[in-house]
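**Q** The file below is protein-v9.txt, compact mmCIF, C-alpha atoms:
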```txt
# COMPACT_ATOMS: atom_id res chain seq x y z
CA MET A 1 4.01 15.31 16.91
CA ALA A 2 4.36 13.14 20.04
CA LEU A 3 1.74 10.43 19.94
CA ASN A 4 0.12 9.26 23.16
CA LEU A 5 -3.12 7.35 22.72
CA SER A 6 -2.81 5.09 25.74
CA SER A 7 -5.80 6.77 27.38
CA LYS A 8 -7.94 6.85 24.23
CA LYS A 9 -10.81 4.46 23.67
CA VAL A 10 -10.54 2.94 20.21
CA ALA A 11 -13.08 1.05 18.12
CA VAL A 12 -12.03 -0.96 15.07
CA LEU A 13 -14.96 -1.87 12.85
CA GLY A 14 -13.82 -4.81 10.78
CA ALA A 15 -10.76 -6.47 12.32
CA GLY A 16 -9.98 -8.40 9.15
CA LYS A 17 -6.69 -8.50 7.26
CA LEU A 18 -6.05 -4.76 7.04
CA GLY A 19 -7.68 -3.76 10.31
CA GLY A 20 -5.94 -6.58 12.18
CA MET A 21 -2.59 -5.77 10.61
CA LEU A 22 -2.77 -2.11 11.62
CA LEU A 23 -3.92 -2.97 15.13
CA GLN A 24 -1.04 -5.38 15.64
CA ALA A 25 1.49 -2.80 14.44
CA TRP A 26 0.13 -0.10 16.74
CA MET A 27 -0.04 -2.41 19.73
CA ARG A 28 3.53 -3.60 19.14
CA GLY A 29 4.60 0.02 19.32
CA GLY A 30 2.73 0.50 22.60
CA LEU A 31 0.54 3.24 21.11
CA LEU A 32 -2.77 1.73 22.12
CA SER A 33 -3.94 0.16 25.35
CA LYS A 34 -5.39 -3.30 24.72
CA GLU A 35 -7.87 -2.77 27.55
CA LEU A 36 -9.37 0.24 25.72
CA ILE A 37 -9.73 -1.37 22.28
CA ARG A 38 -12.96 -2.87 21.02
CA ALA A 39 -13.02 -4.52 17.63
CA THR A 40 -15.75 -6.11 15.56
CA VAL A 41 -16.02 -8.87 12.98
CA ARG A 42 -18.91 -9.68 10.70
CA HIS A 43 -19.27 -13.38 11.49
CA PRO A 44 -19.85 -14.61 15.07
CA GLU A 45 -17.73 -17.72 14.53
CA ARG A 46 -14.64 -15.51 14.11
CA VAL A 47 -15.03 -13.64 17.40
CA ARG A 48 -13.05 -16.10 19.51
CA SER A 49 -10.18 -16.63 17.07
CA VAL A 50 -9.65 -12.91 16.43
CA SER A 51 -9.86 -12.10 20.14
CA GLU A 52 -7.27 -14.76 20.97
CA LYS A 53 -5.01 -13.59 18.18
CA LEU A 54 -5.12 -9.88 19.03
CA HIS A 55 -5.76 -10.22 22.80
CA ILE A 56 -8.48 -7.59 22.74
CA GLU A 57 -12.25 -7.44 23.17
CA VAL A 58 -13.98 -8.56 19.96
CA GLY A 59 -17.68 -8.75 19.12
CA THR A 60 -20.18 -8.35 16.30
CA ASP A 61 -22.07 -5.30 17.62
CA ASN A 62 -20.64 -2.25 15.81
CA ALA A 63 -22.79 0.25 17.69
CA LYS A 64 -21.60 -1.11 21.04
CA ALA A 65 -17.98 -0.81 19.93
CA VAL A 66 -18.44 2.81 18.81
CA HIS A 67 -20.29 3.93 21.95
CA GLY A 68 -17.90 6.06 24.02
CA ALA A 69 -14.95 5.58 21.65
CA ASP A 70 -12.59 8.48 20.97
CA ILE A 71 -11.28 7.12 17.67
CA VAL A 72 -13.22 4.86 15.31
CA PHE A 73 -11.45 2.99 12.53
CA ILE A 74 -13.68 1.96 9.63
CA CYS A 75 -12.01 -1.12 8.15
CA VAL A 76 -15.02 -2.89 6.64
CA LYS A 77 -15.39 -3.66 2.95
CA PRO A 78 -16.41 -0.65 0.83
CA GLN A 79 -19.73 -2.16 -0.17
CA THR A 80 -20.81 -2.50 3.48
CA VAL A 81 -19.81 0.98 4.71
CA GLN A 82 -23.27 2.49 4.21
CA GLU A 83 -24.93 -0.34 6.14
CA VAL A 84 -22.43 -0.14 9.01
CA MET A 85 -22.65 3.66 9.27
CA GLU A 86 -26.43 3.46 9.53
CA GLU A 87 -26.03 0.79 12.21
CA ILE A 88 -23.70 2.89 14.38
CA ARG A 89 -25.46 6.24 13.83
CA PRO A 90 -27.37 6.13 17.17
CA ALA A 91 -24.08 5.54 19.04
CA VAL A 92 -22.16 8.41 17.45
CA SER A 93 -21.32 11.35 19.71
CA GLY A 94 -19.55 14.67 19.34
CA GLY A 95 -15.76 14.78 19.38
CA GLN A 96 -15.23 11.35 17.83
CA LEU A 97 -12.66 10.95 15.06
CA PHE A 98 -13.50 8.51 12.29
CA ILE A 99 -10.65 7.13 10.17
CA SER A 100 -11.75 5.10 7.15
CA VAL A 101 -9.55 2.78 5.10
CA ALA A 102 -12.43 1.71 2.86
CA ALA A 103 -11.24 2.16 -0.72
CA SER A 104 -13.27 4.48 -2.98
CA VAL A 105 -15.68 5.61 -0.24
CA SER A 106 -15.51 9.38 0.13
CA THR A 107 -15.52 11.34 3.38
CA GLY A 108 -18.74 13.01 2.21
CA GLN A 109 -20.49 9.66 1.86
CA ILE A 110 -19.48 8.68 5.38
CA GLU A 111 -20.49 12.06 6.81
CA ALA A 112 -23.89 11.78 5.13
CA ALA A 113 -24.40 8.21 6.33
CA LEU A 114 -23.53 9.16 9.91
CA GLY A 115 -25.95 12.08 9.74
CA THR A 116 -23.77 14.31 11.94
CA LYS A 117 -20.97 16.79 11.54
CA SER A 118 -18.40 14.15 12.40
CA ALA A 119 -14.67 14.43 11.77
CA VAL A 120 -13.88 11.89 9.03
CA VAL A 121 -10.39 11.15 7.71
CA ARG A 122 -9.94 8.91 4.70
CA ALA A 123 -6.72 6.88 4.64
CA MET A 124 -5.29 4.44 2.13
CA PRO A 125 -2.42 2.36 3.56
CA ASN A 126 -0.75 -0.63 1.92
CA THR A 127 0.36 -4.07 3.07
CA PRO A 128 4.03 -3.14 3.73
CA CYS A 129 2.64 -1.27 6.76
CA ALA A 130 2.82 -4.68 8.47
CA LEU A 131 6.62 -4.30 8.52
CA GLY A 132 6.73 -0.57 9.20
CA ALA A 133 7.61 0.14 5.58
CA GLY A 134 4.20 1.20 4.33
CA MET A 135 2.90 4.20 2.43
CA THR A 136 -0.38 5.84 3.38
CA GLY A 137 -2.22 8.60 1.59
CA LEU A 138 -4.72 10.61 3.65
CA CYS A 139 -7.30 13.31 3.09
CA LYS A 140 -9.62 15.11 5.47
CA GLY A 141 -13.34 15.64 5.48
CA GLN A 142 -14.95 19.04 5.89
CA TYR A 143 -15.21 18.81 9.70
CA VAL A 144 -11.63 17.68 10.43
CA SER A 145 -9.35 20.04 12.35
CA ALA A 146 -5.62 20.49 11.79
CA GLU A 147 -4.96 18.64 15.03
CA GLU A 148 -7.10 15.67 13.97
CA ILE A 149 -5.45 15.20 10.57
CA ALA A 150 -2.06 15.52 12.28
CA LEU A 151 -3.06 12.80 14.74
CA ALA A 152 -4.17 10.53 11.90
CA CYS A 153 -0.87 11.11 10.07
CA SER A 154 1.08 10.36 13.24
CA LEU A 155 -0.71 7.04 13.57
CA PHE A 156 0.22 5.96 10.07
CA ASP A 157 3.74 7.41 10.38
CA VAL A 158 4.35 4.61 12.87
CA VAL A 159 3.88 2.03 10.09
CA GLY A 160 5.70 3.87 7.28
CA ARG A 161 5.38 7.20 5.50
CA THR A 162 2.37 9.42 4.96
CA VAL A 163 1.22 12.10 2.56
CA VAL A 164 -1.86 14.31 2.76
CA VAL A 165 -3.62 14.98 -0.55
CA ASP A 166 -6.85 16.52 -1.76
CA GLU A 167 -9.62 13.95 -1.82
CA LYS A 168 -9.86 14.12 -5.62
CA HIS A 169 -6.48 12.36 -5.71
CA MET A 170 -7.36 9.49 -3.36
CA ASP A 171 -8.37 7.02 -6.07
CA ALA A 172 -5.01 7.64 -7.75
CA VAL A 173 -3.29 7.00 -4.41
CA THR A 174 -5.22 3.76 -4.09
CA GLY A 175 -4.15 2.56 -7.53
CA LEU A 176 -0.54 3.64 -7.15
CA SER A 177 0.66 2.94 -3.62
CA ALA A 178 -2.06 0.66 -2.24
CA SER A 179 -2.36 -1.65 -5.25
CA GLY A 180 1.19 -0.92 -6.39
CA PRO A 181 2.94 -3.62 -4.32
CA ALA A 182 1.23 -6.27 -6.44
CA PHE A 183 2.82 -4.77 -9.56
CA ILE A 184 6.22 -4.57 -7.86
CA TYR A 185 5.91 -8.24 -6.88
CA ILE A 186 5.29 -9.11 -10.54
CA ILE A 187 8.40 -7.17 -11.53
CA LEU A 188 10.42 -8.75 -8.72
CA GLU A 189 9.20 -12.23 -9.61
CA SER A 190 10.02 -11.61 -13.27
CA LEU A 191 13.54 -10.41 -12.50
CA ALA A 192 14.14 -13.45 -10.31
CA GLU A 193 12.76 -15.73 -13.03
CA ALA A 194 15.18 -14.19 -15.51
CA GLY A 195 18.00 -14.93 -13.09
CA VAL A 196 16.89 -18.54 -12.81
CA LYS A 197 16.76 -18.78 -16.59
CA VAL A 198 20.45 -17.89 -16.86
CA GLY A 199 21.51 -20.33 -14.15
CA LEU A 200 21.07 -18.75 -10.70
CA PRO A 201 19.49 -20.79 -7.89
CA ARG A 202 15.96 -19.52 -7.29
CA GLU A 203 16.57 -18.40 -3.71
CA VAL A 204 19.69 -16.48 -4.78
CA ALA A 205 17.88 -14.88 -7.72
CA THR A 206 14.98 -13.85 -5.47
CA LEU A 207 17.34 -12.38 -2.86
CA LEU A 208 19.24 -10.42 -5.51
CA ALA A 209 16.03 -9.08 -7.05
CA ALA A 210 14.40 -8.19 -3.71
CA GLN A 211 17.43 -6.44 -2.21
CA MET A 212 18.06 -4.60 -5.48
CA THR A 213 14.43 -3.43 -5.55
CA MET A 214 14.61 -2.20 -1.96
CA GLY A 215 17.96 -0.48 -2.53
CA SER A 216 16.76 1.21 -5.70
CA ALA A 217 13.70 2.58 -3.92
CA LYS A 218 15.91 3.81 -1.09
CA MET A 219 18.13 5.62 -3.60
CA VAL A 220 15.11 7.51 -4.94
CA LEU A 221 13.84 8.40 -1.46
CA GLU A 222 17.14 9.41 0.13
CA THR A 223 19.04 11.07 -2.72
CA GLY A 224 16.12 13.08 -4.07
CA ASP A 225 17.39 12.41 -7.59
CA HIS A 226 14.91 11.81 -10.39
CA PRO A 227 14.54 8.11 -11.30
CA ALA A 228 15.67 8.94 -14.86
CA GLN A 229 18.90 10.41 -13.51
CA LEU A 230 19.52 7.35 -11.35
CA LYS A 231 18.77 5.10 -14.33
CA ASP A 232 21.33 6.96 -16.42
CA SER A 233 23.95 6.41 -13.73
CA VAL A 234 23.51 2.66 -14.21
CA THR A 235 23.18 2.53 -18.00
CA THR A 236 26.71 3.54 -18.95
CA PRO A 237 27.46 3.62 -22.70
CA ALA A 238 28.13 0.13 -24.09
CA GLY A 239 27.93 -1.25 -20.55
CA CYS A 240 26.27 -4.43 -19.32
CA THR A 241 22.88 -2.72 -18.81
CA THR A 242 22.63 -2.25 -22.57
CA TYR A 243 22.90 -5.01 -25.16
CA LYS A 244 22.89 -5.59 -28.90
CA ASP A 245 19.53 -6.52 -30.35
CA ASP A 246 18.87 -9.08 -33.06
CA PHE A 247 19.84 -6.48 -35.69
CA GLY A 248 23.16 -5.60 -34.08
CA ASN A 249 21.94 -2.29 -32.67
CA TRP A 250 22.72 -1.10 -29.14
CA THR A 251 19.50 -1.25 -27.15
CA ALA A 252 18.83 0.64 -23.94
CA ILE A 253 16.86 -0.69 -21.01
CA GLU A 254 13.82 1.45 -21.92
CA THR A 255 13.23 -0.68 -25.03
CA THR A 256 13.72 -3.86 -23.01
CA CYS A 257 11.09 -2.99 -20.42
CA ALA A 258 7.76 -1.68 -21.64
CA ARG A 259 6.78 1.60 -20.02
CA PRO A 260 3.40 1.25 -18.29
CA GLU A 261 0.69 3.73 -19.14
CA GLY A 262 -1.59 3.49 -16.14
CA ARG A 263 -5.23 4.51 -16.20
CA PHE A 264 -7.58 5.11 -13.35
CA VAL A 265 -11.29 4.72 -13.81
CA THR A 266 -13.70 5.83 -11.13
CA THR A 267 -17.43 6.13 -10.97
CA GLU A 268 -19.57 8.49 -8.95
CA LYS A 269 -21.25 5.59 -7.20
CA PRO A 270 -18.66 3.26 -5.63
CA ASP A 271 -19.52 -0.42 -5.78
CA ARG A 272 -17.70 -3.69 -5.67
CA GLU A 273 -17.44 -4.10 -9.43
CA SER A 274 -16.65 -0.64 -10.75
CA SER A 275 -15.47 1.72 -8.00
CA LEU A 276 -11.82 1.60 -8.96
CA ARG A 277 -9.86 -0.14 -11.70
CA PHE A 278 -6.22 0.18 -12.54
CA TRP A 279 -4.68 -1.42 -15.57
CA ASN A 280 -1.90 -0.88 -18.09
CA ASP A 281 -2.04 -0.39 -21.85
CA HIS A 282 1.31 -2.10 -22.19
CA THR A 283 2.92 -5.10 -20.53
CA LEU A 284 4.27 -4.35 -17.08
CA LEU A 285 7.15 -6.77 -17.15
CA THR A 286 5.16 -9.97 -17.33
CA ASP A 287 7.05 -13.13 -16.50
CA GLN A 288 7.63 -14.13 -20.10
CA LEU A 289 8.65 -10.67 -21.31
CA ALA A 290 11.09 -10.16 -18.47
CA ALA A 291 12.50 -13.67 -18.60
CA ASN A 292 13.12 -13.50 -22.35
CA LYS A 293 14.47 -9.98 -22.65
CA LEU A 294 16.37 -9.79 -19.38
CA ALA A 295 17.91 -13.18 -20.05
CA LYS A 296 19.10 -11.89 -23.42
CA GLN A 297 20.52 -8.89 -21.60
CA ALA A 298 22.25 -11.16 -19.08
CA ASP A 299 23.63 -13.32 -21.89
CA TRP A 300 25.09 -10.20 -23.53
CA GLY A 301 26.55 -8.99 -20.23
CA ALA A 302 28.22 -12.35 -19.59
CA ALA A 303 29.61 -12.50 -23.13
CA LYS A 304 30.93 -8.94 -22.91
CA ALA A 305 32.61 -9.63 -19.55
CA ALA A 306 34.29 -12.72 -20.99
CA ALA A 307 35.47 -10.78 -24.04
CA ASP A 308 36.83 -7.97 -21.85
CA LYS A 309 38.68 -10.49 -19.69
CA ALA A 310 40.17 -12.21 -22.74
CA SER A 311 41.35 -8.90 -24.20
CA HIS A 312 43.43 -8.16 -21.10
```
Please render this file's structure as structure tokens.
**A**
Amino acid sequence: MALNLSSKKVAVLGAGKLGGMLLQAWMRGGLLSKELIRATVRHPERVRSVSEKLHIEVGTDNAKAVHGADIVFICVKPQTVQEVMEEIRPAVSGGQLFISVAASVSTGQIEAALGTKSAVVRAMPNTPCALGAGMTGLCKGQYVSAEEIALACSLFDVVGRTVVVDEKHMDAVTGLSASGPAFIYIILESLAEAGVKVGLPREVATLLAAQMTMGSAKMVLETGDHPAQLKDSVTTPAGCTTYKDDFGNWTAIETTCARPEGRFVTTEKPDRESSLRFWNDHTLLTDQLAANKLAKQADWGAAKAAADKASH
């Protein structure tokens, strides 16, 4: 779908980290006209700094920003959505598209707070959107047309990939792809730490771990092969991805790295404390676990390579 929003008036309620990041990405791509964007911040003292940073009109009056806008982005904190929707209700008009990135707040809650049959799309992007490598899950409210959800997807396609799901899956999307980068950073940090432990300079270890992580993800996305199949292509029998444990037994990577068993907990009433939690029953490659076990694996790989070389 060709995207041309240069003539659309856009309001961004909450130009904080996420809202500002998305705005910058869209403006870099020339999708939005700076002259037609109005953004808001909660604290008056931030108006000038945000305006100078983004080069757009910024204020604290949400209703003023929404008045006459074609697309309204709701980027405020989840616990303030109800308050902001009530504030802008008098300025809402027919034909406006609302796109919310407020975690755990349903389209139904926003529709009810607005008090109109407004088109509401719920989206959950992640921070890699800043580099055009993000992942965004979207769902549509009951008044959203096929054209409107397609437009919302096209917007987020500019900053990565998108998937449309039923709203009942949105909390799972939030825990997996929106919070997921934090877990990947722990894994990446742990792998790099293991490299440092066996003698690599930290910057080299970090580069190796980061590029490997990116390449592995690309293999999954572009080959279409199941991760288990790709894992098996690396873990050749008696190869350097397996090692002998303390009892002399060959040990595969699955016993080296604990498999996470993720749980999602949601409540009917979203709030700051209990709207969404994601945790693991088992260790997700904590620094110490990875450093100890991966270092042992690296030690075995180095010893095996030396033995192979000596045998020739």
**Q** Neighbouring residues of segment 98-108 of chain A were defined as those with any atom within 7 Å, considering all atoms listed in the file; residues of the same chain fewer than 3 positions away were excluded. Please report them as a list in words.
**A** Ile71, Val72, Phe73, Ile74, Cys75, Val76, Lys77, Pro78, Glu111, Ala112, Ala119, Val120, Val121, Arg122, Ala123, Met124, Gly141, Asp171, Pro270, Ser275 and Leu276 of chain A
**Q** Dump C-alpha atoms for the selected residues as an mmCIF file, keeping the file's coordinate frame?
**A**
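Resulting contents of selection16.cif:
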```cif
data_model
loop_
_atom_site.group_PDB
_atom_site.id
_atom_site.type_symbol
_atom_site.label_atom_id
_atom_site.label_comp_id
_atom_site.auth_asym_id
_atom_site.auth_seq_id
_atom_site.Cartn_x
_atom_site.Cartn_y
_atom_site.Cartn_z
ATOM 1 C CA ILE A 71 -11.280 7.120 17.670
ATOM 2 C CA VAL A 72 -13.220 4.860 15.310
ATOM 3 C CA PHE A 73 -11.450 2.990 12.530
ATOM 4 C CA ILE A 74 -13.680 1.960 9.630
ATOM 5 C CA CYS A 75 -12.010 -1.120 8.150
ATOM 6 C CA VAL A 76 -15.020 -2.890 6.640
ATOM 7 C CA LYS A 77 -15.390 -3.660 2.950
ATOM 8 C CA PRO A 78 -16.410 -0.650 0.830
ATOM 9 C CA GLU A 111 -20.490 12.060 6.810
ATOM 10 C CA ALA A 112 -23.890 11.780 5.130
ATOM 11 C CA ALA A 119 -14.670 14.430 11.770
ATOM 12 C CA VAL A 120 -13.880 11.890 9.030
ATOM 13 C CA VAL A 121 -10.390 11.150 7.710
ATOM 14 C CA ARG A 122 -9.940 8.910 4.700
ATOM 15 C CA ALA A 123 -6.720 6.880 4.640
ATOM 16 C CA MET A 124 -5.290 4.440 2.130
ATOM 17 C CA GLY A 141 -13.340 15.640 5.480
ATOM 18 C CA ASP A 171 -8.370 7.020 -6.070
ATOM 19 C CA PRO A 270 -18.660 3.260 -5.630
ATOM 20 C CA SER A 275 -15.470 1.720 -8.000
ATOM 21 C CA LEU A 276 -11.820 1.600 -8.960
#
```
**Q** Quick one: residues within 10 Å of Leu155 of chain A, all atoms listed in the file, excluding same-chain residues fewer than 5 positions away - as a PyMOL selection string?
**A** chain A and resi 3-5+22+26+31+149-150+160+162
**Q** Find the residues with any atom within 12 Å of (8.6, -5.6, 3.7); use all atoms listed in the file and the coordinates as given in the file, and write the answer as a VMD selection string.
**A** chain A and resid 126 to 135 159 to 160 181 184 to 185 210 to 211 213 to 214
**Q** What does the distance between atom CA of Ala152 of chain A and atom CA of Val47 of chain A come to in Å, to one decimal place?
**A**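 Between atom CA of Ala152 of chain A and atom CA of Val47 of chain A the gap works out to 27.1 Å.
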**Q** In Å, how far is it from atom CA of Gln109 of chain A to atom CA of Lys168 of chain A?
**A**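 Spanning atom CA of Gln109 of chain A to atom CA of Lys168 of chain A is a straight-line distance of 13.7 Å.
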**Q** Env of Val58 of chain A: 7 Å cut, atoms = all atoms listed in the file, seq-sep filter 2 positions within chain, self excluded. Answer as a ChimeraX atom specification.
**A** /A:38-40,47,51,56
**Q** My list of candidates is A:Ser6, A:Thr136, A:Thr223, A:Ser145. Which is closest to Ser179 of chain A when distances are computed with all atoms listed in the file?
**A**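 The shortest atom-to-atom distance to Ser179 of chain A comes from A:Thr136.
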**Q** Record the distance separating atom CA of Ser216 of chain A and atom CA of Gly239 of chain A, expressed in Å with one decimal.
**A**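 Those two atoms sit 18.7 Å apart.
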